[in-house]
Amino acid sequence: MRIVGALSGTSVDGIDVGVVDVVASADGTAPPQLTLVAFDTVPFSPTDRAAIMKLFSLTQANVRDVCVGNFLVGELFASAILDVLKSKDIDLASVDLIGSHGQTIWHEIVKENDRTVCKGTLQIGEPAVIAQRTGATTVADFRTGDVAAGGNGAPLTSTFDWLLLRPTGNSWRALQNIGGIGNVSFLPPVGAPGVPVAFDTGPGNVFIDAAVALATQGELQFDLDGTLAASGTVHKALLAEMLALPYFAAAPPKTTGRELFSKELLDTWKQRGNALVQAESGSTISNADFVATVTELTAVSIADSYARFSPGPVHEVIVSGGGSRNKFLMKRIKANLQE
């Protein structure tokens with residue numbers, strides 16, 4: 001079976017399209033065999049990205065915007081899928097199924113009886129549009145399905161991780177994704193007792209990207225190789241206040257998103273940084289120091305999640321997502337994990 005998967009994550013930088021051939025085992029007991037046929041990311045135009053980002057705001061967007069945005073993103077997903085198939089010389093008729101995650105615009109998490117509960121989740125990118133434009137059977141609503149079954153709607157990759165990426169030997173493996181939000185799956189070795197644990201660790205690139213955009217007046221949308229962060233110094237007192245956010249100490253299962261790690265929270269922390277530096281030296285926190293501090297927040301929150309919540313000894317970490325390309329962030333994660 002040939003399956004096309006498409007999604008856009010919290011960073012809203014583009015639509016990832018993967019084409020995979022899936023072959024079931026002969027007796028149905030072993031994990032299926034997957035072959036990656038093609039992969040590409042189709043970037044959003046600045047106009048489309050701005051329209052999507054507006055939908056995250058409770059004050060800037062309305063029901064009409066969400067309705068129109070749902071169909072806009074559906075068209076963009078369909079176009080991205082068709083473009084990737086064409087560019088990779090893959091016949092559309094060979095596609096058996098399309099799985100579309102869509103674009104999350106709201107993920108409602110509340111605390112009930114000392115645990116986090118998802119009260120609703122909304123992904124846009126109308127699957128009916130994708131089906132009509134491609135003519136292929138299209139499956140969607142993965143997060144809503146998980147929530148309806150009693151889950152938190154995220155992370156969704158843990159089932160895939162469990163089936164295909166369990167380690168051999170005696171040690172656990174951590175699968176760390178760093179998109180806009182970070183999430184981890186802890187996997188026990190094959191044949192060993194224990195169940196997998198998966199949850200969102202906290203911010204991934206969401207604050208790094210926003211801080212860089214703020215520092216460059218929108219000229220840059222991310223910190224290439226972590227260059228700006230590497231040029232700054234972490235403000236330890238501000239970082240300590242960031243890490244005091246209750247989410248980090250909350251036990252899994254838990255999930256989060258831009259609803260908590262919002263632009264408003266970032267602005268509050270930037271103002272707090274300015275106040276702390278003002279009291280220390282009469283100045284304000286530099287752009288480089290603020291980017292360095294939110295980068296360290298991502299690194300420390302990931303390492304702290306392992307120390308607090310890993311069910312077993314982790315000897316291997318596999319990192320995916322856009323954050324894996326940030327060399328300085330990866331260096332800081334490794335340093336924090338080794339402490």
# chains A, B, ... in the order shown; residues from 1 in each chain; ligands from 1
call {"tool": "select_by_dssp", "arguments": {"residues": "region 41-253 of chain A", "states": "strand (DSSP E or B)", "output": "VMD selection string"}}
result
chain A and resid 41 to 43 97 to 112 115 to 124 138 to 139 172 to 178 181 to 187 197 to 203
call {"tool": "closest_atom_pairs", "arguments": {"of": "region 129-247 of chain A", "to": "region 288-299 of chain A", "cutoff": "12 Å", "atoms": "only C-alpha atoms", "output": "JSON lines"}}
result
{"residue": "A:Gln176", "atom": "CA", "partner": "A:Ala299", "partner_atom": "CA", "distance": 11.4}
{"residue": "A:Asn177", "atom": "CA", "partner": "A:Thr298", "partner_atom": "CA", "distance": 11.7}
{"residue": "A:Ile178", "atom": "CA", "partner": "A:Thr298", "partner_atom": "CA", "distance": 9.0}
{"residue": "A:Gly179", "atom": "CA", "partner": "A:Thr298", "partner_atom": "CA", "distance": 10.9}
{"residue": "A:Gly180", "atom": "CA", "partner": "A:Thr298", "partner_atom": "CA", "distance": 10.4}
{"residue": "A:Ile181", "atom": "CA", "partner": "A:Thr298", "partner_atom": "CA", "distance": 9.2}
{"residue": "A:Gly182", "atom": "CA", "partner": "A:Thr298", "partner_atom": "CA", "distance": 8.0}
{"residue": "A:Asn183", "atom": "CA", "partner": "A:Thr298", "partner_atom": "CA", "distance": 11.0}
{"residue": "A:Asp200", "atom": "CA", "partner": "A:Thr298", "partner_atom": "CA", "distance": 11.6}
{"residue": "A:Thr201", "atom": "CA", "partner": "A:Thr298", "partner_atom": "CA", "distance": 8.6}
{"residue": "A:Gly202", "atom": "CA", "partner": "A:Thr298", "partner_atom": "CA", "distance": 7.2}
{"residue": "A:Pro203", "atom": "CA", "partner": "A:Thr298", "partner_atom": "CA", "distance": 5.8}
{"residue": "A:Gly204", "atom": "CA", "partner": "A:Thr298", "partner_atom": "CA", "distance": 5.6}
{"residue": "A:Asn205", "atom": "CA", "partner": "A:Thr298", "partner_atom": "CA", "distance": 7.7}
{"residue": "A:Val206", "atom": "CA", "partner": "A:Thr298", "partner_atom": "CA", "distance": 9.4}
{"residue": "A:Phe207", "atom": "CA", "partner": "A:Val294", "partner_atom": "CA", "distance": 6.3}
{"residue": "A:Ile208", "atom": "CA", "partner": "A:Thr295", "partner_atom": "CA", "distance": 6.0}
{"residue": "A:Asp209", "atom": "CA", "partner": "A:Val291", "partner_atom": "CA", "distance": 8.8}
{"residue": "A:Ala210", "atom": "CA", "partner": "A:Val291", "partner_atom": "CA", "distance": 9.1}
{"residue": "A:Ala211", "atom": "CA", "partner": "A:Val291", "partner_atom": "CA", "distance": 5.8}
{"residue": "A:Val212", "atom": "CA", "partner": "A:Val291", "partner_atom": "CA", "distance": 6.6}
{"residue": "A:Ala213", "atom": "CA", "partner": "A:Val291", "partner_atom": "CA", "distance": 10.1}
{"residue": "A:Leu214", "atom": "CA", "partner": "A:Val291", "partner_atom": "CA", "distance": 9.8}
{"residue": "A:Ala215", "atom": "CA", "partner": "A:Ala288", "partner_atom": "CA", "distance": 8.0}
{"residue": "A:Thr216", "atom": "CA", "partner": "A:Ala288", "partner_atom": "CA", "distance": 10.6}
{"residue": "A:Phe222", "atom": "CA", "partner": "A:Val291", "partner_atom": "CA", "distance": 10.4}
{"residue": "A:Asp223", "atom": "CA", "partner": "A:Val291", "partner_atom": "CA", "distance": 8.7}
{"residue": "A:Asp225", "atom": "CA", "partner": "A:Thr295", "partner_atom": "CA", "distance": 11.6}
{"residue": "A:Gly226", "atom": "CA", "partner": "A:Thr295", "partner_atom": "CA", "distance": 8.4}
{"residue": "A:Thr227", "atom": "CA", "partner": "A:Ala288", "partner_atom": "CA", "distance": 9.3}
{"residue": "A:Leu228", "atom": "CA", "partner": "A:Ala288", "partner_atom": "CA", "distance": 5.6}
{"residue": "A:Ala229", "atom": "CA", "partner": "A:Ala292", "partner_atom": "CA", "distance": 4.0}
{"residue": "A:Ala230", "atom": "CA", "partner": "A:Ala292", "partner_atom": "CA", "distance": 6.6}
{"residue": "A:Ser231", "atom": "CA", "partner": "A:Ala288", "partner_atom": "CA", "distance": 6.2}
{"residue": "A:Gly232", "atom": "CA", "partner": "A:Asp289", "partner_atom": "CA", "distance": 4.3}
{"residue": "A:Thr233", "atom": "CA", "partner": "A:Asp289", "partner_atom": "CA", "distance": 4.8}
{"residue": "A:Val234", "atom": "CA", "partner": "A:Thr293", "partner_atom": "CA", "distance": 4.5}
{"residue": "A:His235", "atom": "CA", "partner": "A:Thr293", "partner_atom": "CA", "distance": 6.0}
{"residue": "A:Lys236", "atom": "CA", "partner": "A:Thr293", "partner_atom": "CA", "distance": 7.8}
{"residue": "A:Ala237", "atom": "CA", "partner": "A:Thr293", "partner_atom": "CA", "distance": 9.9}
{"residue": "A:Leu238", "atom": "CA", "partner": "A:Thr293", "partner_atom": "CA", "distance": 7.7}
{"residue": "A:Leu239", "atom": "CA", "partner": "A:Thr293", "partner_atom": "CA", "distance": 6.2}
{"residue": "A:Ala240", "atom": "CA", "partner": "A:Leu297", "partner_atom": "CA", "distance": 9.0}
{"residue": "A:Glu241", "atom": "CA", "partner": "A:Leu297", "partner_atom": "CA", "distance": 10.3}
{"residue": "A:Met242", "atom": "CA", "partner": "A:Leu297", "partner_atom": "CA", "distance": 7.4}
{"residue": "A:Leu243", "atom": "CA", "partner": "A:Leu297", "partner_atom": "CA", "distance": 7.2}
{"residue": "A:Ala244", "atom": "CA", "partner": "A:Leu297", "partner_atom": "CA", "distance": 11.0}
{"residue": "A:Leu245", "atom": "CA", "partner": "A:Leu297", "partner_atom": "CA", "distance": 11.1}
call {"tool": "closest_residue", "arguments": {"among": "A:Tyr306, A:Phe56, A:Phe39, A:Phe71", "to": "Phe186 (chain A)", "atoms": "only C-alpha atoms"}}
result
A:Tyr306
call {"tool": "closest_residue", "arguments": {"among": "A:Pro189, A:Gly312, A:Pro155, A:Gly69", "to": "Pro252 (chain A)", "atoms": "only C-alpha atoms"}}
result
A:Pro155
call {"tool": "closest_residue", "arguments": {"among": "A:Arg332, A:Arg166, A:Arg308, A:Lys54", "to": "Val190 (chain A)", "atoms": "only C-alpha atoms"}}
result
A:Arg166
call {"tool": "atom_distance", "arguments": {"atom1": "CA of Thr256 (chain A)", "atom2": "CA of Lys111 (chain A)"}}
result
11.6 Å
call {"tool": "residues_around", "arguments": {"residues": "Glu75 (chain A)", "least_positions_apart": "4", "cutoff": "9 Å", "atoms": "only C-alpha atoms", "output": "PDB file with all heavy atoms, in the first residue's frame"}}
result
ATOM      1  N   ASN A  70     -10.016  27.041   7.188  1.00  0.00           N
ATOM      2  CA  ASN A  70     -10.125  25.593   7.046  1.00  0.00           C
ATOM      3  C   ASN A  70     -10.040  25.177   5.580  1.00  0.00           C
ATOM      4  O   ASN A  70      -9.340  24.232   5.215  1.00  0.00           O
ATOM      5  CB  ASN A  70     -11.445  25.120   7.662  1.00  0.00           C
ATOM      6  CG  ASN A  70     -11.633  23.627   7.563  1.00  0.00           C
ATOM      7  OD1 ASN A  70     -10.703  22.857   7.766  1.00  0.00           O
ATOM      8  ND2 ASN A  70     -12.847  23.203   7.235  1.00  0.00           N
ATOM      9  N   PHE A  71     -10.747  25.896   4.713  1.00  0.00           N
ATOM     10  CA  PHE A  71     -10.725  25.561   3.293  1.00  0.00           C
ATOM     11  C   PHE A  71      -9.428  26.022   2.631  1.00  0.00           C
ATOM     12  O   PHE A  71      -8.901  25.338   1.746  1.00  0.00           O
ATOM     13  CB  PHE A  71     -11.946  26.166   2.603  1.00  0.00           C
ATOM     14  CG  PHE A  71     -13.163  25.287   2.711  1.00  0.00           C
ATOM     15  CD1 PHE A  71     -13.864  25.200   3.908  1.00  0.00           C
ATOM     16  CD2 PHE A  71     -13.592  24.516   1.642  1.00  0.00           C
ATOM     17  CE1 PHE A  71     -14.974  24.375   4.031  1.00  0.00           C
ATOM     18  CE2 PHE A  71     -14.694  23.684   1.748  1.00  0.00           C
ATOM     19  CZ  PHE A  71     -15.389  23.606   2.949  1.00  0.00           C
ATOM     20  N   SER A  79      -2.545  21.079  -2.800  1.00  0.00           N
ATOM     21  CA  SER A  79      -1.555  21.578  -3.753  1.00  0.00           C
ATOM     22  C   SER A  79      -0.159  21.066  -3.412  1.00  0.00           C
ATOM     23  O   SER A  79       0.604  20.662  -4.308  1.00  0.00           O
ATOM     24  CB  SER A  79      -1.567  23.103  -3.750  1.00  0.00           C
ATOM     25  OG  SER A  79      -0.597  23.630  -4.627  1.00  0.00           O
ATOM     26  N   ALA A  80       0.177  21.043  -2.109  1.00  0.00           N
ATOM     27  CA  ALA A  80       1.498  20.569  -1.693  1.00  0.00           C
ATOM     28  C   ALA A  80       1.680  19.096  -2.050  1.00  0.00           C
ATOM     29  O   ALA A  80       2.739  18.676  -2.539  1.00  0.00           O
ATOM     30  CB  ALA A  80       1.681  20.781  -0.194  1.00  0.00           C
ATOM     31  N   GLY A 125      -7.825  22.346   7.620  1.00  0.00           N
ATOM     32  CA  GLY A 125      -7.250  21.761   6.407  1.00  0.00           C
ATOM     33  C   GLY A 125      -8.245  20.745   5.891  1.00  0.00           C
ATOM     34  O   GLY A 125      -7.992  19.540   5.919  1.00  0.00           O
ATOM     35  N   GLU A 126      -9.387  21.232   5.435  1.00  0.00           N
ATOM     36  CA  GLU A 126     -10.554  20.412   5.116  1.00  0.00           C
ATOM     37  C   GLU A 126     -10.194  19.171   4.297  1.00  0.00           C
ATOM     38  O   GLU A 126      -9.765  19.267   3.146  1.00  0.00           O
ATOM     39  CB  GLU A 126     -11.588  21.251   4.367  1.00  0.00           C
ATOM     40  CG  GLU A 126     -12.848  20.520   4.005  1.00  0.00           C
ATOM     41  CD  GLU A 126     -13.500  19.885   5.222  1.00  0.00           C
ATOM     42  OE1 GLU A 126     -13.720  20.589   6.225  1.00  0.00           O
ATOM     43  OE2 GLU A 126     -13.777  18.670   5.148  1.00  0.00           O
ATOM     44  N   VAL A 129     -11.663  18.690   0.791  1.00  0.00           N
ATOM     45  CA  VAL A 129     -10.997  19.426  -0.283  1.00  0.00           C
ATOM     46  C   VAL A 129      -9.829  18.608  -0.827  1.00  0.00           C
ATOM     47  O   VAL A 129      -9.644  18.482  -2.045  1.00  0.00           O
ATOM     48  CB  VAL A 129     -10.510  20.802   0.220  1.00  0.00           C
ATOM     49  CG1 VAL A 129      -9.638  21.483  -0.843  1.00  0.00           C
ATOM     50  CG2 VAL A 129     -11.690  21.691   0.587  1.00  0.00           C
ATOM     51  N   ILE A 130      -9.037  18.023   0.082  1.00  0.00           N
ATOM     52  CA  ILE A 130      -7.893  17.208  -0.339  1.00  0.00           C
ATOM     53  C   ILE A 130      -8.372  16.025  -1.174  1.00  0.00           C
ATOM     54  O   ILE A 130      -7.799  15.704  -2.229  1.00  0.00           O
ATOM     55  CB  ILE A 130      -7.097  16.729   0.887  1.00  0.00           C
ATOM     56  CG1 ILE A 130      -6.566  17.923   1.684  1.00  0.00           C
ATOM     57  CG2 ILE A 130      -5.952  15.810   0.463  1.00  0.00           C
ATOM     58  CD1 ILE A 130      -5.937  17.554   3.013  1.00  0.00           C
ATOM     59  N   ARG A 133      -9.526  17.260  -4.688  1.00  0.00           N
ATOM     60  CA  ARG A 133      -8.463  17.736  -5.573  1.00  0.00           C
ATOM     61  C   ARG A 133      -7.560  16.590  -6.042  1.00  0.00           C
ATOM     62  O   ARG A 133      -6.989  16.648  -7.129  1.00  0.00           O
ATOM     63  CB  ARG A 133      -7.617  18.794  -4.855  1.00  0.00           C
ATOM     64  CG  ARG A 133      -8.386  20.027  -4.412  1.00  0.00           C
ATOM     65  CD  ARG A 133      -8.954  20.824  -5.589  1.00  0.00           C
ATOM     66  NE  ARG A 133      -9.756  21.948  -5.105  1.00  0.00           N
ATOM     67  CZ  ARG A 133     -11.078  21.912  -4.932  1.00  0.00           C
ATOM     68  NH1 ARG A 133     -11.753  20.790  -5.255  1.00  0.00           N
ATOM     69  NH2 ARG A 133     -11.725  22.948  -4.463  1.00  0.00           N
TER      70      ARG A 133
END
call {"tool": "residues_around", "arguments": {"residues": "Leu76 (chain A)", "least_positions_apart": "2", "cutoff": "12 Å", "atoms": "only C-alpha atoms", "output": "ChimeraX atom specification"}}
result
/A:6-8,14-17,42-45,48-49,52,69-74,78-83,100,102-103,124-127,129-130,133
call {"tool": "closest_residue", "arguments": {"among": "A:Asp13, A:Leu163, A:Leu92, A:Gly257", "to": "Thr121 (chain A)", "atoms": "only C-alpha atoms"}}
result
A:Gly257
call {"tool": "atom_distance", "arguments": {"atom1": "CA of Ala251 (chain A)", "atom2": "CA of Asp304 (chain A)"}}
result
11.9 Å
call {"tool": "atom_distance", "arguments": {"atom1": "CA of Ser305 (chain A)", "atom2": "CA of Ala250 (chain A)"}}
result
9.8 Å
call {"tool": "residues_around", "arguments": {"residues": "Val37 (chain A)", "least_positions_apart": "5", "cutoff": "10 Å", "atoms": "only C-alpha atoms", "output": "PyMOL selection string"}}
result
chain A and resi 2-4+18-21+88+90
call {"tool": "write_last_selection", "arguments": {"atoms": "N, CA, C and O atoms", "output": "tab-separated table (two decimals), in the first residue's frame"}}
result
chain	number	residue	atom	x	y	z
A	2	ARG	N	0.55	2.19	-0.87
A	2	ARG	CA	1.29	3.44	-0.91
A	2	ARG	C	0.47	4.53	-0.22
A	2	ARG	O	-0.68	4.79	-0.59
A	3	ILE	N	1.06	5.16	0.78
A	3	ILE	CA	0.37	6.15	1.59
A	3	ILE	C	1.12	7.47	1.54
A	3	ILE	O	2.36	7.50	1.65
A	4	VAL	N	0.39	8.56	1.38
A	4	VAL	CA	0.94	9.90	1.47
A	4	VAL	C	0.51	10.50	2.80
A	4	VAL	O	-0.68	10.49	3.14
A	18	GLY	N	5.18	13.23	2.96
A	18	GLY	CA	5.95	12.01	2.85
A	18	GLY	C	5.18	10.96	2.07
A	18	GLY	O	3.97	10.84	2.22
A	19	VAL	N	5.86	10.24	1.22
A	19	VAL	CA	5.26	9.14	0.45
A	19	VAL	C	5.94	7.86	0.92
A	19	VAL	O	7.17	7.73	0.84
A	20	VAL	N	5.14	6.92	1.42
A	20	VAL	CA	5.68	5.72	2.04
A	20	VAL	C	4.98	4.48	1.48
A	20	VAL	O	3.75	4.46	1.35
A	21	ASP	N	5.75	3.47	1.16
A	21	ASP	CA	5.20	2.17	0.80
A	21	ASP	C	5.18	1.30	2.05
A	21	ASP	O	6.21	1.15	2.74
A	88	LYS	N	8.61	14.58	-7.76
A	88	LYS	CA	9.32	13.32	-7.52
A	88	LYS	C	8.96	12.26	-8.57
A	88	LYS	O	9.38	11.10	-8.45
A	90	ILE	N	6.10	10.77	-9.27
A	90	ILE	CA	5.29	9.69	-8.71
A	90	ILE	C	3.87	9.81	-9.26
A	90	ILE	O	3.24	10.88	-9.16
call {"tool": "select_by_dssp", "arguments": {"residues": "region 271-331 of chain A", "states": "helix (DSSP H, G or I)", "output": "MDAnalysis selection string"}}
result
chainID A and resid 271:281 287:309 322:325 327:331
call {"tool": "residues_around", "arguments": {"residues": "Trp162 (chain A)", "least_positions_apart": "4", "cutoff": "12 Å", "atoms": "only C-alpha atoms", "output": "list of chain:residue names"}}
result
A:Pro31, A:Leu156, A:Thr157, A:Ser158, A:Arg166, A:Pro167, A:Trp172, A:Arg173, A:Ala174, A:Leu175, A:Ser185, A:Phe186, A:Leu187, A:Pro188, A:Pro189, A:Val190, A:Gly194, A:Val195, A:Pro196, A:Val197, A:Ala198
call {"tool": "write_last_selection", "arguments": {"atoms": "C-alpha atoms", "output": "PDB file, in the first residue's frame"}}
result
ATOM      1  CA  PRO A  31       5.557  -4.765  12.425  1.00  0.00           C
ATOM      2  CA  LEU A 156       0.557  11.053  18.166  1.00  0.00           C
ATOM      3  CA  THR A 157       3.761   9.382  16.992  1.00  0.00           C
ATOM      4  CA  SER A 158       4.167   7.151  20.047  1.00  0.00           C
ATOM      5  CA  ARG A 166      11.900  -0.146  20.158  1.00  0.00           C
ATOM      6  CA  PRO A 167      15.531  -0.779  21.137  1.00  0.00           C
ATOM      7  CA  TRP A 172      15.400   2.416  27.150  1.00  0.00           C
ATOM      8  CA  ARG A 173      15.364   4.666  24.103  1.00  0.00           C
ATOM      9  CA  ALA A 174      14.027   8.232  23.998  1.00  0.00           C
ATOM     10  CA  LEU A 175      12.505   9.545  20.777  1.00  0.00           C
ATOM     11  CA  SER A 185       8.404   8.845  23.671  1.00  0.00           C
ATOM     12  CA  PHE A 186      10.250   6.621  26.165  1.00  0.00           C
ATOM     13  CA  LEU A 187      10.460   3.061  24.819  1.00  0.00           C
ATOM     14  CA  PRO A 188      11.433  -0.065  26.774  1.00  0.00           C
ATOM     15  CA  PRO A 189      13.663  -2.664  25.101  1.00  0.00           C
ATOM     16  CA  VAL A 190      12.059  -5.427  23.050  1.00  0.00           C
ATOM     17  CA  GLY A 194       7.385  -1.807  31.002  1.00  0.00           C
ATOM     18  CA  VAL A 195       5.062   0.314  28.943  1.00  0.00           C
ATOM     19  CA  PRO A 196       5.944   3.292  26.767  1.00  0.00           C
ATOM     20  CA  VAL A 197       5.432   6.799  28.095  1.00  0.00           C
ATOM     21  CA  ALA A 198       4.880   9.761  25.788  1.00  0.00           C
TER      22      ALA A 198
END
call {"tool": "residues_around", "arguments": {"residues": "region 136-140 of chain A", "least_positions_apart": "6", "cutoff": "6 Å", "atoms": "only C-alpha atoms", "output": "PDB file with N, CA and C atoms, in the first residue's frame"}}
result
ATOM      1  N   LEU A  97      -3.829   5.906  -0.431  1.00  0.00           N
ATOM      2  CA  LEU A  97      -4.424   6.578   0.721  1.00  0.00           C
ATOM      3  C   LEU A  97      -3.634   7.834   1.055  1.00  0.00           C
ATOM      4  N   ILE A  98      -4.348   8.874   1.491  1.00  0.00           N
ATOM      5  CA  ILE A  98      -3.717  10.082   2.013  1.00  0.00           C
ATOM      6  C   ILE A  98      -4.124  10.234   3.472  1.00  0.00           C
ATOM      7  N   GLY A  99      -3.138  10.452   4.334  1.00  0.00           N
ATOM      8  CA  GLY A  99      -3.404  10.761   5.735  1.00  0.00           C
ATOM      9  C   GLY A  99      -3.001  12.195   6.006  1.00  0.00           C
ATOM     10  N   SER A 100      -3.968  13.014   6.421  1.00  0.00           N
ATOM     11  CA  SER A 100      -3.676  14.430   6.643  1.00  0.00           C
ATOM     12  C   SER A 100      -3.908  14.805   8.101  1.00  0.00           C
ATOM     13  N   HIS A 101      -2.855  15.285   8.737  1.00  0.00           N
ATOM     14  CA  HIS A 101      -2.977  15.787  10.106  1.00  0.00           C
ATOM     15  C   HIS A 101      -3.640  17.149  10.134  1.00  0.00           C
TER      16      HIS A 101
END
call {"tool": "closest_residue", "arguments": {"among": "A:Pro311, A:Ala249, A:Ser301, A:Asp146", "to": "Thr159 (chain A)", "atoms": "only C-alpha atoms"}}
result
A:Asp146
call {"tool": "closest_residue", "arguments": {"among": "A:Val319, A:Val117, A:Ile302, A:Val63", "to": "Ala335 (chain A)", "atoms": "only C-alpha atoms"}}
result
A:Ile302
call {"tool": "decode", "arguments": {"residues": "region 124-131 of chain A", "atoms": "all heavy atoms", "output": "PDB file, in the first residue's frame"}}
result
ATOM      1  N   ILE A 124      -7.375  22.376  11.220  1.00  0.00           N
ATOM      2  CA  ILE A 124      -7.992  22.818   9.974  1.00  0.00           C
ATOM      3  C   ILE A 124      -7.203  22.270   8.796  1.00  0.00           C
ATOM      4  O   ILE A 124      -6.064  21.818   8.939  1.00  0.00           O
ATOM      5  CB  ILE A 124      -8.096  24.353   9.904  1.00  0.00           C
ATOM      6  CG1 ILE A 124      -6.699  24.999   9.958  1.00  0.00           C
ATOM      7  CG2 ILE A 124      -8.986  24.883  11.011  1.00  0.00           C
ATOM      8  CD1 ILE A 124      -6.723  26.492   9.691  1.00  0.00           C
ATOM      9  N   GLY A 125      -7.825  22.346   7.620  1.00  0.00           N
ATOM     10  CA  GLY A 125      -7.250  21.761   6.407  1.00  0.00           C
ATOM     11  C   GLY A 125      -8.245  20.745   5.891  1.00  0.00           C
ATOM     12  O   GLY A 125      -7.992  19.540   5.919  1.00  0.00           O
ATOM     13  N   GLU A 126      -9.387  21.232   5.435  1.00  0.00           N
ATOM     14  CA  GLU A 126     -10.554  20.412   5.116  1.00  0.00           C
ATOM     15  C   GLU A 126     -10.194  19.171   4.297  1.00  0.00           C
ATOM     16  O   GLU A 126      -9.765  19.267   3.146  1.00  0.00           O
ATOM     17  CB  GLU A 126     -11.588  21.251   4.367  1.00  0.00           C
ATOM     18  CG  GLU A 126     -12.848  20.520   4.005  1.00  0.00           C
ATOM     19  CD  GLU A 126     -13.500  19.885   5.222  1.00  0.00           C
ATOM     20  OE1 GLU A 126     -13.720  20.589   6.225  1.00  0.00           O
ATOM     21  OE2 GLU A 126     -13.777  18.670   5.148  1.00  0.00           O
ATOM     22  N   PRO A 127     -10.341  17.966   4.896  1.00  0.00           N
ATOM     23  CA  PRO A 127      -9.973  16.742   4.162  1.00  0.00           C
ATOM     24  C   PRO A 127     -10.827  16.495   2.929  1.00  0.00           C
ATOM     25  O   PRO A 127     -10.364  15.857   1.973  1.00  0.00           O
ATOM     26  CB  PRO A 127     -10.157  15.629   5.210  1.00  0.00           C
ATOM     27  CG  PRO A 127     -11.047  16.208   6.252  1.00  0.00           C
ATOM     28  CD  PRO A 127     -10.758  17.670   6.279  1.00  0.00           C
ATOM     29  N   ALA A 128     -12.075  16.999   2.926  1.00  0.00           N
ATOM     30  CA  ALA A 128     -12.911  16.835   1.734  1.00  0.00           C
ATOM     31  C   ALA A 128     -12.311  17.561   0.534  1.00  0.00           C
ATOM     32  O   ALA A 128     -12.419  17.097  -0.606  1.00  0.00           O
ATOM     33  CB  ALA A 128     -14.330  17.341   2.007  1.00  0.00           C
ATOM     34  N   VAL A 129     -11.663  18.690   0.791  1.00  0.00           N
ATOM     35  CA  VAL A 129     -10.997  19.426  -0.283  1.00  0.00           C
ATOM     36  C   VAL A 129      -9.829  18.608  -0.827  1.00  0.00           C
ATOM     37  O   VAL A 129      -9.644  18.482  -2.045  1.00  0.00           O
ATOM     38  CB  VAL A 129     -10.510  20.802   0.220  1.00  0.00           C
ATOM     39  CG1 VAL A 129      -9.638  21.483  -0.843  1.00  0.00           C
ATOM     40  CG2 VAL A 129     -11.690  21.691   0.587  1.00  0.00           C
ATOM     41  N   ILE A 130      -9.037  18.023   0.082  1.00  0.00           N
ATOM     42  CA  ILE A 130      -7.893  17.208  -0.339  1.00  0.00           C
ATOM     43  C   ILE A 130      -8.372  16.025  -1.174  1.00  0.00           C
ATOM     44  O   ILE A 130      -7.799  15.704  -2.229  1.00  0.00           O
ATOM     45  CB  ILE A 130      -7.097  16.729   0.887  1.00  0.00           C
ATOM     46  CG1 ILE A 130      -6.566  17.923   1.684  1.00  0.00           C
ATOM     47  CG2 ILE A 130      -5.952  15.810   0.463  1.00  0.00           C
ATOM     48  CD1 ILE A 130      -5.937  17.554   3.013  1.00  0.00           C
ATOM     49  N   ALA A 131      -9.434  15.365  -0.715  1.00  0.00           N
ATOM     50  CA  ALA A 131      -9.970  14.212  -1.444  1.00  0.00           C
ATOM     51  C   ALA A 131     -10.460  14.604  -2.830  1.00  0.00           C
ATOM     52  O   ALA A 131     -10.230  13.890  -3.820  1.00  0.00           O
ATOM     53  CB  ALA A 131     -11.103  13.571  -0.640  1.00  0.00           C
TER      54      ALA A 131
END
